[in-house]
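K.L.:
Below is protein23.tsv; it holds TSV, C-alpha atoms.
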```tsv
chain	number	residue	atom	x	y	z
A	1	MET	CA	168.92	-134.27	-19.17
A	2	LEU	CA	171.09	-132.73	-16.46
A	3	LEU	CA	173.55	-131.49	-19.11
A	4	VAL	CA	171.28	-128.46	-19.50
A	5	PHE	CA	172.84	-127.16	-16.27
A	6	VAL	CA	176.25	-126.84	-17.97
A	7	PRO	CA	175.30	-123.73	-20.02
A	8	LEU	CA	173.17	-122.48	-17.11
A	9	SER	CA	176.25	-122.65	-14.88
A	10	ALA	CA	178.27	-120.50	-17.30
A	11	ILE	CA	175.43	-118.02	-17.83
A	12	SER	CA	174.73	-117.58	-14.11
A	13	HIS	CA	178.45	-117.05	-13.42
A	14	ASN	CA	178.97	-114.46	-16.17
A	15	LEU	CA	175.77	-112.58	-15.29
A	16	GLU	CA	176.71	-112.69	-11.58
A	17	TRP	CA	173.49	-114.19	-10.32
A	18	ASP	CA	172.93	-115.02	-6.65
A	19	ALA	CA	175.74	-117.16	-5.15
A	20	ALA	CA	173.34	-119.88	-3.99
A	21	LEU	CA	171.84	-120.16	-7.48
A	22	ARG	CA	175.30	-120.31	-9.11
A	23	PHE	CA	176.34	-123.02	-6.66
A	24	THR	CA	173.25	-125.11	-7.43
A	25	PHE	CA	173.62	-124.83	-11.21
A	26	SER	CA	177.34	-125.62	-11.12
A	27	PHE	CA	176.88	-128.57	-8.79
A	28	MET	CA	174.09	-130.03	-10.93
A	29	ALA	CA	176.27	-129.55	-14.03
A	30	ILE	CA	179.12	-131.58	-12.52
A	31	LEU	CA	176.90	-134.63	-11.87
A	32	PRO	CA	176.34	-135.67	-15.51
A	33	LEU	CA	179.93	-134.69	-16.35
A	34	ALA	CA	181.14	-137.02	-13.62
A	35	LYS	CA	179.21	-139.89	-15.21
A	36	LEU	CA	180.70	-139.09	-18.64
A	37	LEU	CA	184.18	-138.87	-17.13
A	38	GLY	CA	183.77	-142.25	-15.46
A	39	GLU	CA	182.45	-143.80	-18.67
A	40	ALA	CA	185.41	-142.47	-20.69
A	41	THR	CA	187.87	-143.76	-18.08
A	42	ASP	CA	186.15	-147.16	-18.03
A	43	GLN	CA	186.31	-147.41	-21.81
A	44	MET	CA	190.01	-146.51	-21.84
A	45	SER	CA	190.73	-149.26	-19.33
A	46	VAL	CA	189.52	-151.86	-21.86
A	47	LYS	CA	192.53	-151.28	-24.13
A	48	LEU	CA	195.06	-149.42	-21.98
A	49	GLY	CA	194.54	-151.26	-18.71
A	50	GLN	CA	193.44	-149.96	-15.32
A	51	THR	CA	196.84	-148.59	-14.26
A	52	LEU	CA	197.39	-146.30	-17.25
A	53	SER	CA	193.73	-145.27	-17.38
A	54	GLY	CA	193.80	-144.29	-13.71
A	55	LEU	CA	197.02	-142.34	-14.27
A	56	LEU	CA	195.51	-140.43	-17.21
A	57	ASN	CA	192.36	-139.67	-15.22
A	58	ALA	CA	194.42	-138.33	-12.30
A	59	SER	CA	196.72	-136.38	-14.62
A	60	PHE	CA	193.89	-134.63	-16.46
A	61	GLY	CA	192.34	-133.72	-13.11
A	62	ASN	CA	195.62	-132.43	-11.71
A	63	ALA	CA	196.30	-130.37	-14.84
A	64	VAL	CA	193.67	-127.98	-13.53
A	65	GLU	CA	195.46	-127.89	-10.16
A	66	ILE	CA	198.72	-126.96	-11.88
A	67	ILE	CA	197.14	-124.12	-13.87
A	68	VAL	CA	195.30	-122.70	-10.87
A	69	GLY	CA	198.39	-123.17	-8.67
A	70	ILE	CA	200.70	-121.31	-11.06
A	71	ALA	CA	198.19	-118.46	-11.40
A	72	ALA	CA	197.91	-118.13	-7.60
A	73	LEU	CA	201.69	-118.41	-7.27
A	74	LEU	CA	202.41	-115.60	-9.69
A	75	ASN	CA	199.83	-113.47	-7.88
A	76	GLY	CA	201.74	-113.99	-4.62
A	77	GLU	CA	199.01	-116.12	-2.97
A	78	LEU	CA	201.42	-118.71	-1.60
A	79	ARG	CA	199.25	-119.83	1.31
A	80	ILE	CA	196.36	-120.53	-1.07
A	81	VAL	CA	198.73	-122.67	-3.13
A	82	GLN	CA	199.84	-124.65	-0.08
A	83	THR	CA	196.41	-125.19	1.47
A	84	SER	CA	194.77	-126.15	-1.83
A	85	MET	CA	197.50	-128.70	-2.58
A	86	LEU	CA	197.26	-130.09	0.94
A	87	GLY	CA	193.48	-130.27	0.64
A	88	SER	CA	193.71	-132.21	-2.63
A	89	ILE	CA	196.04	-134.77	-1.07
A	90	LEU	CA	193.83	-135.26	2.00
A	91	SER	CA	190.57	-135.45	0.06
A	92	ASN	CA	192.01	-138.08	-2.28
A	93	ILE	CA	193.59	-140.45	0.24
A	94	LEU	CA	190.98	-140.06	3.00
A	95	LEU	CA	187.58	-138.94	1.71
A	96	VAL	CA	187.53	-140.34	-1.82
A	97	LEU	CA	189.42	-143.55	-1.09
A	98	GLY	CA	187.32	-144.01	2.04
A	99	CYS	CA	184.04	-143.52	0.18
A	100	SER	CA	185.26	-145.87	-2.56
A	101	PHE	CA	186.09	-148.59	-0.03
A	102	LEU	CA	182.74	-148.04	1.67
A	103	ALA	CA	180.71	-148.28	-1.54
A	104	GLY	CA	182.72	-151.16	-2.96
A	105	GLY	CA	182.73	-153.00	0.36
A	106	TRP	CA	178.95	-153.02	0.66
A	107	ILE	CA	178.64	-154.59	-2.80
A	108	HIS	CA	181.63	-156.94	-2.99
A	109	LYS	CA	182.33	-157.57	0.72
A	110	GLU	CA	186.07	-157.49	0.04
A	111	GLY	CA	188.01	-155.82	-2.75
A	112	SER	CA	191.47	-156.75	-3.91
A	113	PHE	CA	194.33	-155.05	-5.70
A	114	ASN	CA	198.00	-155.84	-6.20
A	115	SER	CA	199.67	-155.66	-2.79
A	116	THR	CA	203.18	-155.19	-4.21
A	117	GLY	CA	202.14	-152.13	-6.19
A	118	ALA	CA	200.20	-150.84	-3.18
A	119	GLN	CA	203.34	-151.16	-1.03
A	120	ALA	CA	205.36	-149.22	-3.61
A	121	SER	CA	202.74	-146.48	-3.68
A	122	ALA	CA	202.52	-146.38	0.12
A	123	SER	CA	206.30	-146.10	0.39
A	124	LEU	CA	206.40	-143.21	-2.07
A	125	MET	CA	203.62	-141.45	-0.16
A	126	THR	CA	205.64	-141.89	3.03
A	127	LEU	CA	208.71	-140.41	1.34
A	128	SER	CA	206.72	-137.38	0.17
A	129	CYS	CA	205.40	-136.95	3.72
A	130	ILE	CA	208.94	-137.06	5.14
A	131	THR	CA	210.02	-134.33	2.71
A	132	LEU	CA	207.40	-132.10	4.34
A	133	VAL	CA	208.40	-133.02	7.90
A	134	ILE	CA	212.09	-132.17	7.42
A	135	PRO	CA	211.60	-128.52	6.30
A	136	ALA	CA	209.06	-127.96	9.10
A	137	ALA	CA	211.48	-129.41	11.68
A	138	TYR	CA	214.37	-127.37	10.23
A	139	ALA	CA	212.40	-124.13	10.45
A	140	SER	CA	211.14	-124.85	13.96
A	141	THR	CA	214.23	-126.26	15.69
A	142	THR	CA	217.32	-124.66	14.14
A	143	LYS	CA	218.63	-121.11	14.26
A	144	ALA	CA	219.42	-121.21	10.55
A	145	GLY	CA	215.77	-121.98	9.85
A	146	ILE	CA	214.38	-118.90	11.61
A	147	PRO	CA	212.67	-116.55	9.11
A	148	ARG	CA	214.48	-113.37	8.22
A	149	SER	CA	213.48	-110.24	10.13
A	150	PRO	CA	212.38	-107.56	9.76
A	151	CYS	CA	210.06	-108.85	7.04
A	152	ASP	CA	207.84	-106.67	4.88
A	153	VAL	CA	206.19	-109.61	3.09
A	154	SER	CA	202.80	-110.74	4.38
A	155	TYR	CA	202.24	-114.22	5.76
A	156	ASP	CA	199.80	-115.10	2.95
A	157	ALA	CA	202.46	-114.11	0.40
A	158	GLY	CA	205.02	-116.49	1.87
A	159	GLY	CA	206.76	-114.30	4.43
A	160	CYS	CA	210.57	-114.21	4.51
A	161	PRO	CA	211.88	-117.79	4.76
A	162	SER	CA	215.55	-118.27	5.57
A	163	SER	CA	218.03	-119.00	2.80
A	164	GLY	CA	218.67	-122.43	4.31
A	165	LEU	CA	214.98	-123.34	4.14
A	166	LEU	CA	214.77	-122.16	0.54
A	167	THR	CA	217.81	-124.27	-0.36
A	168	ILE	CA	216.34	-127.38	1.29
A	169	SER	CA	212.96	-126.87	-0.37
A	170	ARG	CA	214.32	-126.25	-3.86
A	171	GLY	CA	216.84	-129.07	-3.70
A	172	THR	CA	214.19	-131.46	-2.40
A	173	ALA	CA	211.79	-130.35	-5.14
A	174	ILE	CA	214.29	-131.31	-7.83
A	175	LEU	CA	214.90	-134.69	-6.19
A	176	LEU	CA	211.15	-135.38	-5.90
A	177	LEU	CA	210.66	-134.65	-9.60
A	178	LEU	CA	213.37	-137.20	-10.39
A	179	VAL	CA	211.79	-139.75	-8.04
A	180	TYR	CA	208.36	-139.29	-9.63
A	181	SER	CA	209.86	-139.79	-13.09
A	182	ALA	CA	211.45	-143.01	-11.88
A	183	TYR	CA	208.13	-144.08	-10.35
A	184	LEU	CA	206.36	-143.66	-13.70
A	185	LEU	CA	209.06	-145.74	-15.38
A	186	PHE	CA	208.71	-148.37	-12.64
A	187	GLN	CA	204.92	-148.40	-12.89
A	188	LEU	CA	204.46	-148.35	-16.66
A	189	ARG	CA	207.57	-149.95	-18.18
A	190	THR	CA	209.84	-152.01	-15.94
A	191	HIS	CA	207.41	-153.47	-13.35
A	192	PRO	CA	203.84	-153.06	-14.68
A	193	ARG	CA	202.86	-156.50	-13.31
A	194	PHE	CA	203.02	-155.04	-9.79
A	195	PHE	CA	200.06	-152.81	-10.64
A	196	GLN	CA	197.78	-155.34	-12.31
A	197	GLN	CA	194.66	-156.31	-10.40
A	198	GLU	CA	194.40	-159.83	-9.02
A	199	GLY	CA	191.12	-161.74	-8.92
A	200	GLU	CA	187.86	-161.33	-10.83
A	201	VAL	CA	187.01	-158.00	-12.41
A	202	GLU	CA	183.70	-156.94	-13.94
A	203	GLU	CA	184.19	-156.91	-17.70
A	204	THR	CA	183.46	-153.72	-19.63
A	205	GLU	CA	181.93	-153.95	-23.08
A	206	PRO	CA	184.00	-151.80	-25.49
A	207	ARG	CA	181.85	-149.09	-27.06
A	208	MET	CA	184.57	-146.54	-27.98
A	209	SER	CA	187.96	-146.67	-29.60
A	210	THR	CA	190.94	-145.68	-27.45
A	211	GLY	CA	191.30	-142.39	-29.34
A	212	ALA	CA	187.62	-141.52	-28.93
A	213	ALA	CA	187.70	-142.38	-25.23
A	214	GLY	CA	190.85	-140.29	-24.73
A	215	SER	CA	189.34	-137.32	-26.59
A	216	ALA	CA	186.15	-137.62	-24.56
A	217	LEU	CA	188.17	-137.74	-21.32
A	218	LEU	CA	190.08	-134.59	-22.29
A	219	LEU	CA	186.97	-132.70	-23.43
A	220	VAL	CA	184.90	-133.61	-20.37
A	221	THR	CA	187.81	-132.70	-18.08
A	222	VAL	CA	188.06	-129.22	-19.66
A	223	VAL	CA	184.31	-128.60	-19.35
A	224	THR	CA	184.34	-129.93	-15.79
A	225	ALA	CA	187.22	-127.59	-14.93
A	226	PHE	CA	185.15	-124.55	-15.94
A	227	CYS	CA	182.10	-125.74	-13.99
A	228	ALA	CA	184.28	-126.49	-10.98
A	229	GLU	CA	185.81	-123.00	-11.18
A	230	TYR	CA	182.32	-121.47	-11.19
A	231	LEU	CA	181.40	-123.67	-8.22
A	232	VAL	CA	184.53	-122.63	-6.33
A	233	ALA	CA	183.82	-118.94	-6.97
A	234	SER	CA	180.30	-119.27	-5.56
A	235	ILE	CA	181.58	-121.14	-2.49
A	236	GLU	CA	184.18	-118.44	-1.74
A	237	GLU	CA	181.47	-115.76	-1.83
A	238	THR	CA	179.15	-117.84	0.34
A	239	ALA	CA	181.97	-118.59	2.79
A	240	SER	CA	182.84	-114.92	3.18
A	241	THR	CA	179.18	-114.15	3.86
A	242	TYR	CA	178.94	-116.78	6.60
A	243	ASN	CA	182.48	-116.23	8.02
A	244	ILE	CA	183.80	-119.71	7.23
A	245	PRO	CA	187.58	-119.94	7.97
A	246	LYS	CA	189.93	-119.73	4.98
A	247	ALA	CA	191.73	-122.89	6.07
A	248	PHE	CA	188.47	-124.83	5.99
A	249	ILE	CA	187.75	-123.47	2.52
A	250	GLY	CA	191.20	-124.26	1.15
A	251	VAL	CA	191.68	-127.70	2.68
A	252	ILE	CA	188.11	-129.07	2.77
A	253	LEU	CA	185.60	-127.29	0.54
A	254	LEU	CA	187.63	-126.39	-2.56
A	255	PRO	CA	189.22	-129.82	-3.12
A	256	ILE	CA	185.88	-131.59	-2.68
A	257	VAL	CA	183.92	-129.49	-5.14
A	258	GLY	CA	186.82	-128.82	-7.47
A	259	ASN	CA	187.50	-132.53	-8.02
A	260	ALA	CA	183.95	-133.82	-7.62
A	261	ALA	CA	183.89	-135.54	-11.01
A	262	GLU	CA	187.07	-137.52	-10.36
A	263	HIS	CA	185.75	-138.46	-6.92
A	264	VAL	CA	182.54	-139.92	-8.37
A	265	THR	CA	184.58	-141.84	-10.95
A	266	SER	CA	186.70	-143.44	-8.22
A	267	VAL	CA	183.65	-144.58	-6.25
A	268	TRP	CA	182.02	-145.93	-9.39
A	269	MET	CA	185.11	-147.97	-10.30
A	270	ALA	CA	185.22	-149.47	-6.79
A	271	MET	CA	181.57	-150.49	-7.11
A	272	LYS	CA	182.51	-152.28	-10.36
A	273	ASN	CA	185.34	-154.06	-8.48
A	274	LYS	CA	188.01	-152.23	-10.49
A	275	TYR	CA	190.16	-151.35	-7.51
A	276	GLU	CA	193.36	-150.74	-9.47
A	277	LEU	CA	191.54	-147.85	-11.16
A	278	THR	CA	190.35	-146.60	-7.78
A	279	ILE	CA	193.87	-146.78	-6.33
A	280	GLY	CA	195.26	-145.13	-9.44
A	281	ILE	CA	192.82	-142.23	-9.20
A	282	CYS	CA	193.03	-141.67	-5.42
A	283	VAL	CA	196.50	-142.70	-4.31
A	284	GLY	CA	198.04	-142.02	-7.72
A	285	SER	CA	196.61	-138.51	-7.77
A	286	SER	CA	197.93	-137.78	-4.26
A	287	ILE	CA	201.38	-139.07	-5.21
A	288	GLN	CA	201.34	-136.92	-8.33
A	289	ILE	CA	200.44	-133.80	-6.36
A	290	ALA	CA	203.00	-134.45	-3.60
A	291	THR	CA	205.92	-135.51	-5.79
A	292	PHE	CA	205.23	-133.61	-9.01
A	293	VAL	CA	202.78	-130.70	-8.72
A	294	VAL	CA	204.06	-129.21	-5.44
A	295	PRO	CA	207.78	-129.54	-6.38
A	296	LEU	CA	206.99	-128.11	-9.81
A	297	LEU	CA	205.35	-125.07	-8.21
A	298	VAL	CA	208.39	-124.61	-5.93
A	299	ILE	CA	210.64	-124.59	-9.00
A	300	VAL	CA	208.30	-122.24	-10.90
A	301	GLY	CA	208.28	-119.83	-7.96
A	302	TRP	CA	212.06	-120.01	-7.78
A	303	TRP	CA	212.86	-119.22	-11.38
A	304	TYR	CA	210.05	-118.56	-13.81
A	305	VAL	CA	211.29	-117.34	-17.18
A	306	PHE	CA	209.13	-115.67	-19.80
A	307	LEU	CA	210.35	-116.07	-23.39
A	308	ILE	CA	208.95	-113.38	-25.65
A	309	PHE	CA	209.60	-113.53	-29.39
A	310	THR	CA	209.90	-109.97	-30.74
A	311	SER	CA	211.19	-110.76	-34.26
A	312	TRP	CA	211.35	-113.55	-36.80
A	313	TRP	CA	214.35	-115.16	-35.05
A	314	ASN	CA	215.74	-115.66	-31.54
A	315	ASP	CA	215.21	-112.21	-30.11
A	316	LEU	CA	214.32	-113.24	-26.58
A	317	CYS	CA	213.51	-111.28	-23.45
A	318	HIS	CA	214.16	-112.86	-20.04
A	319	SER	CA	212.61	-111.92	-16.73
A	320	SER	CA	212.58	-113.91	-13.51
A	321	VAL	CA	209.87	-113.94	-10.91
A	322	GLY	CA	211.00	-115.08	-7.47
A	323	GLN	CA	208.23	-116.35	-5.20
A	324	PRO	CA	209.52	-117.88	-1.95
A	325	LEU	CA	207.31	-120.99	-2.02
A	326	THR	CA	208.81	-123.63	0.26
A	327	LEU	CA	207.97	-127.15	1.40
A	328	GLN	CA	207.45	-125.87	4.94
A	329	PHE	CA	203.83	-126.23	5.98
A	330	GLU	CA	202.43	-125.19	9.33
A	331	ASN	CA	203.06	-127.67	12.17
A	332	PHE	CA	199.40	-128.63	12.34
A	333	GLU	CA	199.32	-129.21	8.57
A	334	THR	CA	202.42	-131.39	8.73
A	335	ILE	CA	200.95	-133.53	11.53
A	336	VAL	CA	197.69	-133.90	9.61
A	337	VAL	CA	199.50	-135.09	6.47
A	338	PHE	CA	201.67	-137.48	8.51
A	339	VAL	CA	198.78	-139.23	10.28
A	340	SER	CA	196.74	-139.36	7.07
A	341	VAL	CA	199.55	-140.98	5.07
A	342	LEU	CA	200.27	-143.35	7.97
A	343	LEU	CA	196.68	-144.61	8.16
A	344	THR	CA	196.31	-144.90	4.39
A	345	SER	CA	199.58	-146.80	4.04
A	346	LEU	CA	198.63	-149.26	6.78
A	347	LEU	CA	195.26	-149.96	5.15
A	348	ILE	CA	196.36	-150.47	1.53
A	349	MET	CA	199.60	-152.39	1.98
A	350	ASP	CA	197.85	-155.77	2.26
A	351	GLY	CA	196.14	-155.35	-1.13
A	352	LYS	CA	192.68	-155.85	0.41
A	353	SER	CA	189.83	-153.46	1.17
A	354	ASN	CA	186.44	-153.53	2.87
A	355	TYR	CA	183.82	-151.12	4.13
A	356	MET	CA	185.39	-150.96	7.61
A	357	GLU	CA	188.63	-149.58	6.17
A	358	GLY	CA	186.60	-147.04	4.25
A	359	MET	CA	184.85	-145.98	7.44
A	360	MET	CA	188.19	-145.44	9.18
A	361	LEU	CA	189.49	-143.23	6.36
A	362	THR	CA	186.35	-141.09	6.19
A	363	THR	CA	186.26	-140.79	10.00
A	364	LEU	CA	189.77	-139.32	10.06
A	365	TYR	CA	188.81	-136.89	7.30
A	366	ILE	CA	185.76	-135.73	9.27
A	367	VAL	CA	187.88	-135.27	12.42
A	368	ILE	CA	190.31	-133.07	10.44
A	369	ALA	CA	187.39	-131.10	8.99
A	370	LEU	CA	185.97	-130.54	12.47
A	371	ALA	CA	189.35	-129.34	13.72
A	372	LEU	CA	189.59	-126.82	10.87
A	373	ARG	CA	185.98	-125.64	11.08
A	374	GLY	CA	185.88	-125.36	14.84
A	375	SER	CA	188.96	-123.22	15.39
A	376	GLY	CA	191.12	-120.66	13.65
A	377	VAL	CA	194.18	-122.92	13.66
A	378	TRP	CA	195.81	-121.11	10.78
```
As structure tokens, what does this structure read like?
P.N.:
Amino acid sequence: MLLVFVPLSAISHNLEWDAALRFTFSFMAILPLAKLLGEATDQMSVKLGQTLSGLLNASFGNAVEIIVGIAALLNGELRIVQTSMLGSILSNILLVLGCSFLAGGWIHKEGSFNSTGAQASASLMTLSCITLVIPAAYASTTKAGIPRSPCDVSYDAGGCPSSGLLTISRGTAILLLLVYSAYLLFQLRTHPRFFQQEGEVEETEPRMSTGAAGSALLLVTVVTAFCAEYLVASIEETASTYNIPKAFIGVILLPIVGNAAEHVTSVWMAMKNKYELTIGICVGSSIQIATFVVPLLVIVGWWYVFLIFTSWWNDLCHSSVGQPLTLQFENFETIVVFVSVLLTSLLIMDGKSNYMEGMMLTTLYIVIALALRGSGVW
């Protein structure tokens, strides 16, 4: 019944109706799509297993982040790229994982997942956090890290980072891409037993083939991406009207509404005691953003080559677009990521979860949101 809001969302956006009305229609459209997305993911887990299904769910969701990130990058909106990526990481490991632990904890008292796989994921999250700390420390404490001056590039467009900082960021980006590739091999091929759930799991009755479930997941993700984009556009207009800080929009509001469907899926899987799926969607998505999406955007900004075919054969035209995207975040951002990864790692490494752990994660997220909303930190 609520699917009627999907065309209403598109119509209201294209006809530029009132922002509040567009927000309502888009939000209502995402609710049934979230249920369909969760159902498709659940059906895929019957044949493919929870680990691979969670990875596919996170990957389809992050595909939208990559597209939006590249578009913002090529438009010179480097700060939007950084804050939106940071916001996605924080919302996944704090808000969504916390809500999942809360909901699952009230129903099952205690959830369980493979502790060895959780430790591997926590260690990789810690590594990705360290790769953000080092550039920030380099830029803040060394003469070679001081930005070039005079600088005619605006702060939002990336400013003028030093050559040393660019070298560190680009080299680290390449290494992180290699590490993420190794992690996928470790997770899916060489050590998959480390990511298999222990204990009883609620059985799912197969109602779709793997191909049908995969097609449904892809289709629903695409439709959800459009509705989320309409929702984001209405929020930006509303935020400008009510003078909401850009940092709060980028780190808190946009990731929540932009990934609402995946968030609902994660909570639903926790309520069904399928915690490997929940971990795969939340922690797996954050790992993918930190070790794949962000490094990929750094590389794209460094050397983006357009190949244009102008004849029947290899008549190619090259042009490079240099955008100085680095792994240096603001000091406050770096601290926020560090404490968030620290708390999440401590809570998941034992392979157990309960509602109290969920409350701790959501509390930290609310504290961060209050800090961003209450002051113009950035």
K.L.:
Can you work out which one of A:Leu94, A:Val283, A:Ala173, A:Ala182 has the shortest atom-to-atom distance to A:Ala122, counting all atoms listed in the file?
P.N.:
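Answer, going by the shortest atom-to-atom distance: A:Val283.
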K.L.:
Please indicate the distance in Å from atom CA of A:Glu16 to atom CA of A:Thr224, rounded to one decimal place.
P.N.:
19.3 Å
K.L.:
Mind giving me the axis-aligned box for stretch 82-89 of chain A with 8 Å on every side, centre plus edges in Å to one decimal, as lines of an AutoDock Vina configuration file?
P.N.:
```
center_x = 196.7
center_y = -129.7
center_z = -0.6
size_x = 22.4
size_y = 26.1
size_z = 20.1
```
K.L.:
Nearest to A:Thr344: which of A:Ile89, A:Ala139, A:Val6, A:Val251 is it, counting all atoms listed in the file?
P.N.:
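Checking each of A:Ile89, A:Ala139, A:Val6, A:Val251 against A:Thr344, counting all atoms listed in the file, the winner is A:Ile89.
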K.L.:
Between A:Val294, A:Ala20, A:Leu3, A:Ala103, which residue has the minimum interatomic distance to A:Asn354, considering all atoms listed in the file?
P.N.:
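Using all atoms listed in the file, A:Asn354 sits closest to A:Ala103.
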K.L.:
Could you jot down the atom CA of A:Phe292 to atom CA of A:Leu176 separation for me, Å, one decimal place?
P.N.:
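So the two atoms, atom CA of A:Phe292 and atom CA of A:Leu176, lie 6.9 Å apart.
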K.L.:
Please provide as a list in words all residues within 9 Å of A:Ser128, with the sequence filter that same-chain residues fewer than 2 positions apart are discarded (counting all atoms listed in the file).
P.N.:
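Contacts, with the query itself left out: Ser123, Leu124, Met125, Thr126, Ile130, Thr131, Leu132, Leu176, Ile287, Ala290 and Thr291 of chain A.
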K.L.:
Can you measure atom CA of A:Phe248 to atom CA of A:Gln288 for me? One decimal in Å is fine.
P.N.:
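Going from atom CA of A:Phe248 over to atom CA of A:Gln288 covers 22.7 Å.
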K.L.:
Identify which of the residues A:Leu178, A:Leu86, A:Leu97, A:Ile70 lies closest to A:Ser266, counting all atoms listed in the file when measuring atom-to-atom distances.
P.N.:
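When distances to A:Ser266 are compared using all atoms listed in the file, the smallest one comes from A:Leu97.
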